[in-house]
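S.K.: Provided below: target22.pdb, containing PDB, C-alpha atoms.
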```pdb
ATOM      1  CA  GLU A   1      -3.215   2.169  23.355  1.00  0.00           C
ATOM      2  CA  PHE A   2      -5.528  -0.718  24.284  1.00  0.00           C
ATOM      3  CA  TYR A   3      -2.916  -3.229  23.089  1.00  0.00           C
ATOM      4  CA  GLY A   4       0.040  -1.297  24.487  1.00  0.00           C
ATOM      5  CA  ILE A   5       1.385  -0.527  21.038  1.00  0.00           C
ATOM      6  CA  PRO A   6       3.048   2.862  20.762  1.00  0.00           C
ATOM      7  CA  PHE A   7       1.613   5.301  18.259  1.00  0.00           C
ATOM      8  CA  HIS A   8       3.652   8.067  16.677  1.00  0.00           C
ATOM      9  CA  HIS A   9       2.276  10.849  14.534  1.00  0.00           C
ATOM     10  CA  VAL A  10       4.868  12.467  12.301  1.00  0.00           C
ATOM     11  CA  PRO A  11       3.271  15.281  10.341  1.00  0.00           C
ATOM     12  CA  VAL A  12       4.727  15.856   6.895  1.00  0.00           C
ATOM     13  CA  THR A  13       4.476  18.757   4.504  1.00  0.00           C
ATOM     14  CA  ALA A  14       6.526  19.678   1.481  1.00  0.00           C
ATOM     15  CA  ASP A  15       8.667  21.875   3.732  1.00  0.00           C
ATOM     16  CA  THR A  16       9.186  19.231   6.441  1.00  0.00           C
ATOM     17  CA  LYS A  17       9.487  16.077   4.320  1.00  0.00           C
ATOM     18  CA  ASP A  18      13.219  15.552   4.971  1.00  0.00           C
ATOM     19  CA  GLN A  19      12.798  15.957   8.739  1.00  0.00           C
ATOM     20  CA  ALA A  20       9.732  13.688   8.764  1.00  0.00           C
ATOM     21  CA  GLU A  21      11.616  10.963   6.907  1.00  0.00           C
ATOM     22  CA  ASP A  22      14.557  11.314   9.315  1.00  0.00           C
ATOM     23  CA  LYS A  23      12.119  10.912  12.229  1.00  0.00           C
ATOM     24  CA  LEU A  24      10.642   7.808  10.589  1.00  0.00           C
ATOM     25  CA  ARG A  25      14.128   6.312  10.175  1.00  0.00           C
ATOM     26  CA  GLN A  26      14.822   7.076  13.838  1.00  0.00           C
ATOM     27  CA  LEU A  27      11.582   5.423  14.999  1.00  0.00           C
ATOM     28  CA  VAL A  28      12.251   2.352  12.850  1.00  0.00           C
ATOM     29  CA  ALA A  29      15.764   2.000  14.278  1.00  0.00           C
ATOM     30  CA  GLU A  30      14.883   2.730  17.917  1.00  0.00           C
ATOM     31  CA  ASN A  31      11.872   0.418  18.004  1.00  0.00           C
ATOM     32  CA  GLY A  32      13.193  -2.444  15.872  1.00  0.00           C
ATOM     33  CA  VAL A  33      10.335  -1.949  13.428  1.00  0.00           C
ATOM     34  CA  GLU A  34      10.141  -4.849  10.992  1.00  0.00           C
ATOM     35  CA  LEU A  35       7.440  -3.462   8.716  1.00  0.00           C
ATOM     36  CA  VAL A  36       6.183  -0.019   7.761  1.00  0.00           C
ATOM     37  CA  VAL A  37       2.655   0.022   6.345  1.00  0.00           C
ATOM     38  CA  LEU A  38       1.782   3.021   4.200  1.00  0.00           C
ATOM     39  CA  ALA A  39      -1.995   2.780   4.481  1.00  0.00           C
ATOM     40  CA  ARG A  40      -3.590   6.096   3.465  1.00  0.00           C
ATOM     41  CA  TYR A  41      -0.214   7.799   3.688  1.00  0.00           C
ATOM     42  CA  MET A  42      -0.639   9.507   0.304  1.00  0.00           C
ATOM     43  CA  GLN A  43       2.910  10.842   0.198  1.00  0.00           C
ATOM     44  CA  ILE A  44       5.718   9.896  -2.134  1.00  0.00           C
ATOM     45  CA  LEU A  45       8.744   8.702  -0.189  1.00  0.00           C
ATOM     46  CA  SER A  46      12.184   9.872  -1.191  1.00  0.00           C
ATOM     47  CA  ASN A  47      14.319   7.460  -3.200  1.00  0.00           C
ATOM     48  CA  GLN A  48      16.701   7.164  -0.247  1.00  0.00           C
ATOM     49  CA  LEU A  49      13.952   6.236   2.221  1.00  0.00           C
ATOM     50  CA  CYS A  50      12.566   3.683  -0.250  1.00  0.00           C
ATOM     51  CA  THR A  51      16.031   2.168  -0.478  1.00  0.00           C
ATOM     52  CA  ASP A  52      16.460   2.227   3.308  1.00  0.00           C
ATOM     53  CA  LEU A  53      13.125   0.415   3.757  1.00  0.00           C
ATOM     54  CA  GLN A  54      13.574  -2.073   0.904  1.00  0.00           C
ATOM     55  CA  GLY A  55      11.519  -5.178   1.665  1.00  0.00           C
ATOM     56  CA  LYS A  56      10.275  -3.574   4.899  1.00  0.00           C
ATOM     57  CA  ALA A  57       7.572  -1.188   3.639  1.00  0.00           C
ATOM     58  CA  ILE A  58       4.235  -2.191   2.143  1.00  0.00           C
ATOM     59  CA  ASN A  59       1.901   0.133   0.280  1.00  0.00           C
ATOM     60  CA  ILE A  60      -1.718  -0.596  -0.471  1.00  0.00           C
ATOM     61  CA  HIS A  61      -2.625   0.839  -3.830  1.00  0.00           C
ATOM     62  CA  HIS A  62      -6.298   1.446  -4.386  1.00  0.00           C
ATOM     63  CA  SER A  63      -6.252   0.017  -7.847  1.00  0.00           C
ATOM     64  CA  PHE A  64      -5.424  -3.194  -9.618  1.00  0.00           C
ATOM     65  CA  LEU A  65      -1.907  -2.322 -10.770  1.00  0.00           C
ATOM     66  CA  PRO A  66      -0.499  -1.636 -13.239  1.00  0.00           C
ATOM     67  CA  SER A  67      -3.693   0.165 -14.314  1.00  0.00           C
ATOM     68  CA  PHE A  68      -4.940   3.492 -12.973  1.00  0.00           C
ATOM     69  CA  LYS A  69      -1.919   4.793 -11.115  1.00  0.00           C
ATOM     70  CA  GLY A  70      -1.952   8.027  -9.175  1.00  0.00           C
ATOM     71  CA  ALA A  71      -4.907   9.864  -7.687  1.00  0.00           C
ATOM     72  CA  ARG A  72      -8.557   8.883  -7.936  1.00  0.00           C
ATOM     73  CA  PRO A  73      -8.109   5.488  -9.600  1.00  0.00           C
ATOM     74  CA  TYR A  74     -11.704   4.425  -8.945  1.00  0.00           C
ATOM     75  CA  HIS A  75     -12.946   7.515 -10.745  1.00  0.00           C
ATOM     76  CA  GLN A  76     -10.545   6.717 -13.592  1.00  0.00           C
ATOM     77  CA  ALA A  77     -11.900   3.161 -13.691  1.00  0.00           C
ATOM     78  CA  HIS A  78     -15.504   4.369 -13.653  1.00  0.00           C
ATOM     79  CA  ALA A  79     -14.824   6.761 -16.511  1.00  0.00           C
ATOM     80  CA  ARG A  80     -13.275   3.936 -18.551  1.00  0.00           C
ATOM     81  CA  GLY A  81     -16.213   1.593 -17.938  1.00  0.00           C
ATOM     82  CA  VAL A  82     -14.113  -1.187 -16.434  1.00  0.00           C
ATOM     83  CA  LYS A  83     -15.728  -4.415 -15.318  1.00  0.00           C
ATOM     84  CA  LEU A  84     -13.257  -5.208 -12.528  1.00  0.00           C
ATOM     85  CA  ILE A  85     -11.752  -3.034  -9.815  1.00  0.00           C
ATOM     86  CA  GLY A  86      -9.309  -4.084  -7.184  1.00  0.00           C
ATOM     87  CA  ALA A  87      -6.391  -3.396  -4.904  1.00  0.00           C
ATOM     88  CA  THR A  88      -2.698  -4.187  -4.970  1.00  0.00           C
ATOM     89  CA  ALA A  89      -0.398  -4.556  -1.960  1.00  0.00           C
ATOM     90  CA  HIS A  90       3.224  -4.156  -2.928  1.00  0.00           C
ATOM     91  CA  TYR A  91       6.632  -3.424  -1.478  1.00  0.00           C
ATOM     92  CA  VAL A  92       7.695   0.192  -1.769  1.00  0.00           C
ATOM     93  CA  THR A  93      10.445   1.082  -4.235  1.00  0.00           C
ATOM     94  CA  PRO A  94      11.737   4.377  -5.627  1.00  0.00           C
ATOM     95  CA  ASP A  95       9.615   3.738  -8.745  1.00  0.00           C
ATOM     96  CA  LEU A  96       6.124   4.908  -7.737  1.00  0.00           C
ATOM     97  CA  ASP A  97       3.635   2.019  -7.525  1.00  0.00           C
ATOM     98  CA  GLU A  98       6.038  -0.305  -9.345  1.00  0.00           C
ATOM     99  CA  GLY A  99       7.275  -2.383  -6.380  1.00  0.00           C
ATOM    100  CA  PRO A 100       7.103  -6.169  -6.141  1.00  0.00           C
ATOM    101  CA  ILE A 101       3.467  -7.220  -5.790  1.00  0.00           C
ATOM    102  CA  ILE A 102       2.540  -9.259  -2.712  1.00  0.00           C
ATOM    103  CA  GLU A 103      -1.218  -9.616  -3.130  1.00  0.00           C
ATOM    104  CA  GLN A 104      -4.021  -8.449  -5.408  1.00  0.00           C
ATOM    105  CA  GLU A 105      -7.762  -8.837  -5.294  1.00  0.00           C
ATOM    106  CA  VAL A 106     -10.482  -7.802  -7.715  1.00  0.00           C
ATOM    107  CA  ILE A 107     -14.259  -7.527  -7.648  1.00  0.00           C
ATOM    108  CA  ARG A 108     -16.755  -7.241 -10.490  1.00  0.00           C
ATOM    109  CA  VAL A 109     -18.558  -3.946 -11.121  1.00  0.00           C
ATOM    110  CA  ASN A 110     -20.836  -2.629 -13.828  1.00  0.00           C
ATOM    111  CA  HIS A 111     -22.270   0.539 -15.311  1.00  0.00           C
ATOM    112  CA  ALA A 112     -25.075   0.663 -12.738  1.00  0.00           C
ATOM    113  CA  ARG A 113     -22.586   1.577  -9.986  1.00  0.00           C
ATOM    114  CA  SER A 114     -21.498   5.141  -9.351  1.00  0.00           C
ATOM    115  CA  ALA A 115     -17.894   6.228  -8.878  1.00  0.00           C
ATOM    116  CA  GLU A 116     -18.671   6.650  -5.159  1.00  0.00           C
ATOM    117  CA  GLN A 117     -19.894   3.045  -5.000  1.00  0.00           C
ATOM    118  CA  PHE A 118     -16.652   1.964  -6.700  1.00  0.00           C
ATOM    119  CA  VAL A 119     -14.772   3.777  -3.921  1.00  0.00           C
ATOM    120  CA  ALA A 120     -16.774   2.071  -1.144  1.00  0.00           C
ATOM    121  CA  MET A 121     -16.405  -1.355  -2.707  1.00  0.00           C
ATOM    122  CA  GLY A 122     -12.725  -0.680  -3.302  1.00  0.00           C
ATOM    123  CA  ARG A 123     -12.111   0.168   0.360  1.00  0.00           C
ATOM    124  CA  ASP A 124     -13.330  -3.289   1.373  1.00  0.00           C
ATOM    125  CA  VAL A 125     -11.028  -4.907  -1.171  1.00  0.00           C
ATOM    126  CA  GLU A 126      -8.107  -2.744  -0.019  1.00  0.00           C
ATOM    127  CA  ALA A 127      -8.575  -3.798   3.597  1.00  0.00           C
ATOM    128  CA  ARG A 128      -8.601  -7.508   2.744  1.00  0.00           C
ATOM    129  CA  THR A 129      -5.662  -7.214   0.368  1.00  0.00           C
ATOM    130  CA  LEU A 130      -3.522  -5.262   2.824  1.00  0.00           C
ATOM    131  CA  ALA A 131      -4.342  -7.604   5.712  1.00  0.00           C
ATOM    132  CA  GLN A 132      -3.310 -10.627   3.641  1.00  0.00           C
ATOM    133  CA  ALA A 133      -0.045  -9.009   2.512  1.00  0.00           C
ATOM    134  CA  VAL A 134       0.886  -7.988   6.059  1.00  0.00           C
ATOM    135  CA  GLN A 135       0.062 -11.466   7.366  1.00  0.00           C
ATOM    136  CA  TRP A 136       2.222 -13.178   4.754  1.00  0.00           C
ATOM    137  CA  HIS A 137       5.082 -10.747   5.400  1.00  0.00           C
ATOM    138  CA  ALA A 138       4.833 -11.244   9.184  1.00  0.00           C
ATOM    139  CA  GLU A 139       4.851 -15.016   8.700  1.00  0.00           C
ATOM    140  CA  HIS A 140       7.995 -14.756   6.514  1.00  0.00           C
ATOM    141  CA  ARG A 141       6.158 -16.311   3.577  1.00  0.00           C
ATOM    142  CA  VAL A 142       7.197 -13.657   1.044  1.00  0.00           C
ATOM    143  CA  LEU A 143      10.448 -14.060  -0.848  1.00  0.00           C
ATOM    144  CA  LEU A 144      11.660 -11.104  -2.887  1.00  0.00           C
ATOM    145  CA  ASP A 145      12.920 -12.154  -6.307  1.00  0.00           C
ATOM    146  CA  GLY A 146      14.066  -9.028  -8.111  1.00  0.00           C
ATOM    147  CA  ASN A 147      10.975  -7.009  -9.000  1.00  0.00           C
ATOM    148  CA  ARG A 148       8.592  -9.831  -8.121  1.00  0.00           C
ATOM    149  CA  THR A 149       7.698 -11.947  -5.143  1.00  0.00           C
ATOM    150  CA  VAL A 150       7.290 -15.617  -4.449  1.00  0.00           C
ATOM    151  CA  ILE A 151       4.614 -16.360  -1.869  1.00  0.00           C
ATOM    152  CA  PHE A 152       4.762 -19.617   0.073  1.00  0.00           C
ATOM    153  CA  ASN A 153       1.229 -20.786   0.869  1.00  0.00           C
TER
END
```
Is it possible to express this structure as structure tokens?

M.R.:
Amino acid sequence: EFYGIPFHHVPVTADTKDQAEDKLRQLVAENGVELVVLARYMQILSNQLCTDLQGKAINIHHSFLPSFKGARPYHQAHARGVKLIGATAHYVTPDLDEGPIIEQEVIRVNHARSAEQFVAMGRDVEARTLAQAVQWHAEHRVLLDGNRTVIFN
């Protein structure tokens, strides 16, 4: 509101998913939206919506893909005793968490950290990774090349 940017809340449940996705398509079309950011969205988009938003939707995955997909990746990482955790910003595709990667960042961890500390550290990494991916996209520095990207620095 402070910046005069409209905000729209479109609630989604299993029963209303189709209507919510239709509303999202409508908002994108009506407002000339160039990028949809799925930060903390935690819903799986339909294949059709992924196709409709190809190259126009970025997801931040709270893990260094391709490892630890799905829910609670930091807890998975903690249980496996990993030494690095990270975040991956990628374009959304119908294949869950398999889209072309725009940016990744990792940080070192060790056994002295708890799973909750992994989560807190991971949130910082996610924020930086997502911000960088959005910036590069907005600056038209990302070229899609099949299932990968070329980033012009």

S.K.: If you count only C-alpha atoms, which residues fall within 8 Å of Val109 of chain A, apart from same-chain ones fewer than 5 positions away, as a ChimeraX atom specification?

M.R.: /A:82-85,118

S.K.: Restrict the calculation to all atoms listed in the file, then for each residue of segment 3-67 of chain A with any atom at most 12 Å from an atom of segment 90-103 of chain A give the closest atom pair and their distance in Å to one decimal, rows by chain and rising residue number, as a tab-separated table.

M.R.:
```
residue	atom	partner	partner_atom	distance
A:Leu35	CA	A:Tyr91	CA	10.2
A:Val36	CA	A:Val92	CA	9.7
A:Val37	CA	A:Tyr91	CA	9.4
A:Leu38	CA	A:Val92	CA	8.9
A:Ala39	CA	A:His90	CA	11.4
A:Met42	CA	A:Leu96	CA	11.5
A:Gln43	CA	A:Leu96	CA	10.4
A:Ile44	CA	A:Leu96	CA	7.5
A:Leu45	CA	A:Pro94	CA	7.6
A:Ser46	CA	A:Pro94	CA	7.1
A:Asn47	CA	A:Pro94	CA	4.7
A:Gln48	CA	A:Pro94	CA	7.8
A:Leu49	CA	A:Pro94	CA	8.4
A:Cys50	CA	A:Thr93	CA	5.2
A:Thr51	CA	A:Thr93	CA	6.8
A:Asp52	CA	A:Thr93	CA	9.7
A:Leu53	CA	A:Val92	CA	7.8
A:Gln54	CA	A:Thr93	CA	6.8
A:Gly55	CA	A:Tyr91	CA	6.1
A:Lys56	CA	A:Tyr91	CA	7.3
A:Ala57	CA	A:Val92	CA	5.6
A:Ile58	CA	A:Tyr91	CA	4.5
A:Asn59	CA	A:His90	CA	5.5
A:Ile60	CA	A:His90	CA	6.6
A:His61	CA	A:Asp97	CA	7.4
A:His62	CA	A:Asp97	CA	10.4
A:Ser63	CA	A:Asp97	CA	10.1
A:Phe64	CA	A:Glu103	CA	10.1
A:Leu65	CA	A:Asp97	CA	7.8
A:Pro66	CA	A:Glu98	CA	7.7
A:Ser67	CA	A:Asp97	CA	10.2
```

S.K.: Within 8 Å of His78 of chain A, counting all atoms listed in the file, which residues qualify if same-chain residues fewer than 6 places away don't, as a PyMOL selection string?

M.R.: chain A and resi 111+114-115+118

S.K.: Distance atom CA of Pro6 of chain A-atom CA of Ala138 of chain A, one decimal place?

M.R.: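 So the two atoms, atom CA of Pro6 of chain A and atom CA of Ala138 of chain A, lie 18.3 Å apart.
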
S.K.: At what distance in Å, to one decimal, does atom CA of Glu105 of chain A lie from atom CA of Glu126 of chain A?

M.R.: 8.1 Å

S.K.: Between atom CA of Glu30 of chain A and atom CA of Thr129 of chain A, what distance in Å does the model show, to one decimal?

M.R.: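 Straight-line distance from atom CA of Glu30 of chain A to atom CA of Thr129 of chain A works out to 28.8 Å.
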
S.K.: Can you list what the PyMOL selection byres ((chain A and resi 21) around 9) grabs from this structure, as number ranges by chain?

M.R.: A: 10, 12, 16-20, 22-26, 45-46, 49

S.K.: Looking at all atoms listed in the file, which of A:Arg108, A:Arg72, A:His137, A:Arg80 is the one that sits closest to Val125 of chain A?

M.R.: A:Arg108

S.K.: Taking all atoms listed in the file into account, name the residue in A:Asn153, A:Gln135, A:Gln76, A:Asn110 that is nearest to Ala89 of chain A.

M.R.: A:Gln135

S.K.: Regenerate segment 15-26 of chain A at the level of all heavy atoms and dump it as a CSV table (one decimal), in the coordinates of the input.

M.R.:
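rebuild-v6.csv written:
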```
chain,number,residue,atom,x,y,z
A,15,ASP,N,7.5,21.2,3.1
A,15,ASP,CA,8.7,21.9,3.7
A,15,ASP,C,9.4,21.0,4.8
A,15,ASP,O,10.5,21.3,5.1
A,15,ASP,CB,8.2,23.2,4.4
A,15,ASP,CG,7.7,24.2,3.4
A,15,ASP,OD1,8.2,24.1,2.2
A,15,ASP,OD2,6.9,25.0,3.7
A,16,THR,N,8.6,20.0,5.3
A,16,THR,CA,9.2,19.2,6.4
A,16,THR,C,9.5,17.8,6.1
A,16,THR,O,9.7,16.9,6.9
A,16,THR,CB,8.2,19.2,7.7
A,16,THR,OG1,7.0,18.6,7.3
A,16,THR,CG2,8.0,20.7,8.1
A,17,LYS,N,9.4,17.5,4.8
A,17,LYS,CA,9.5,16.1,4.3
A,17,LYS,C,10.8,15.4,4.8
A,17,LYS,O,10.8,14.3,5.3
A,17,LYS,CB,9.3,16.0,2.8
A,17,LYS,CG,9.4,14.6,2.3
A,17,LYS,CD,9.1,14.5,0.8
A,17,LYS,CE,9.0,13.1,0.3
A,17,LYS,NZ,8.6,13.0,-1.0
A,18,ASP,N,11.9,16.1,4.6
A,18,ASP,CA,13.2,15.6,5.0
A,18,ASP,C,13.3,15.2,6.5
A,18,ASP,O,13.7,14.2,6.9
A,18,ASP,CB,14.4,16.5,4.6
A,18,ASP,CG,14.6,16.6,3.1
A,18,ASP,OD1,14.1,15.7,2.4
A,18,ASP,OD2,15.2,17.6,2.7
A,19,GLN,N,12.8,16.2,7.3
A,19,GLN,CA,12.8,16.0,8.7
A,19,GLN,C,11.8,14.8,9.1
A,19,GLN,O,12.2,14.0,10.0
A,19,GLN,CB,12.4,17.2,9.5
A,19,GLN,CG,13.4,18.4,9.3
A,19,GLN,CD,13.0,19.3,8.1
A,19,GLN,OE1,12.4,18.9,7.2
A,19,GLN,NE2,13.5,20.5,8.2
A,20,ALA,N,10.7,14.7,8.5
A,20,ALA,CA,9.7,13.7,8.8
A,20,ALA,C,10.3,12.3,8.4
A,20,ALA,O,10.2,11.4,9.2
A,20,ALA,CB,8.4,13.9,8.0
A,21,GLU,N,11.0,12.2,7.3
A,21,GLU,CA,11.6,11.0,6.9
A,21,GLU,C,12.7,10.6,7.9
A,21,GLU,O,12.9,9.4,8.2
A,21,GLU,CB,12.1,11.0,5.5
A,21,GLU,CG,10.9,11.0,4.5
A,21,GLU,CD,11.3,10.8,3.0
A,21,GLU,OE1,12.6,10.7,2.7
A,21,GLU,OE2,10.4,10.6,2.2
A,22,ASP,N,13.5,11.6,8.3
A,22,ASP,CA,14.6,11.3,9.3
A,22,ASP,C,13.9,10.8,10.6
A,22,ASP,O,14.5,9.9,11.2
A,22,ASP,CB,15.4,12.6,9.6
A,22,ASP,CG,16.3,12.9,8.5
A,22,ASP,OD1,16.6,12.1,7.6
A,22,ASP,OD2,16.8,14.1,8.4
A,23,LYS,N,12.8,11.4,11.0
A,23,LYS,CA,12.1,10.9,12.2
A,23,LYS,C,11.6,9.5,12.0
A,23,LYS,O,11.7,8.7,13.0
A,23,LYS,CB,11.0,11.9,12.5
A,23,LYS,CG,10.2,11.5,13.8
A,23,LYS,CD,11.0,11.6,15.0
A,23,LYS,CE,10.2,11.3,16.3
A,23,LYS,NZ,10.9,11.3,17.5
A,24,LEU,N,11.1,9.2,10.9
A,24,LEU,CA,10.6,7.8,10.6
A,24,LEU,C,11.8,6.8,10.7
A,24,LEU,O,11.7,5.8,11.3
A,24,LEU,CB,10.0,7.7,9.2
A,24,LEU,CG,9.5,6.3,8.8
A,24,LEU,CD1,8.5,5.7,9.8
A,24,LEU,CD2,9.0,6.4,7.4
A,25,ARG,N,12.9,7.2,10.1
A,25,ARG,CA,14.1,6.3,10.2
A,25,ARG,C,14.5,6.1,11.6
A,25,ARG,O,14.9,5.0,12.0
A,25,ARG,CB,15.3,6.9,9.4
A,25,ARG,CG,15.3,6.8,8.0
A,25,ARG,CD,16.6,7.3,7.4
A,25,ARG,NE,16.5,7.5,5.9
A,25,ARG,CZ,16.0,8.6,5.4
A,25,ARG,NH1,15.6,9.6,6.1
A,25,ARG,NH2,15.9,8.7,4.0
A,26,GLN,N,14.5,7.2,12.4
A,26,GLN,CA,14.8,7.1,13.8
A,26,GLN,C,13.9,6.1,14.6
A,26,GLN,O,14.3,5.3,15.3
A,26,GLN,CB,14.8,8.5,14.5
A,26,GLN,CG,15.0,8.5,16.0
A,26,GLN,CD,14.8,9.9,16.5
A,26,GLN,OE1,14.5,10.9,15.8
A,26,GLN,NE2,14.8,10.0,17.9
```
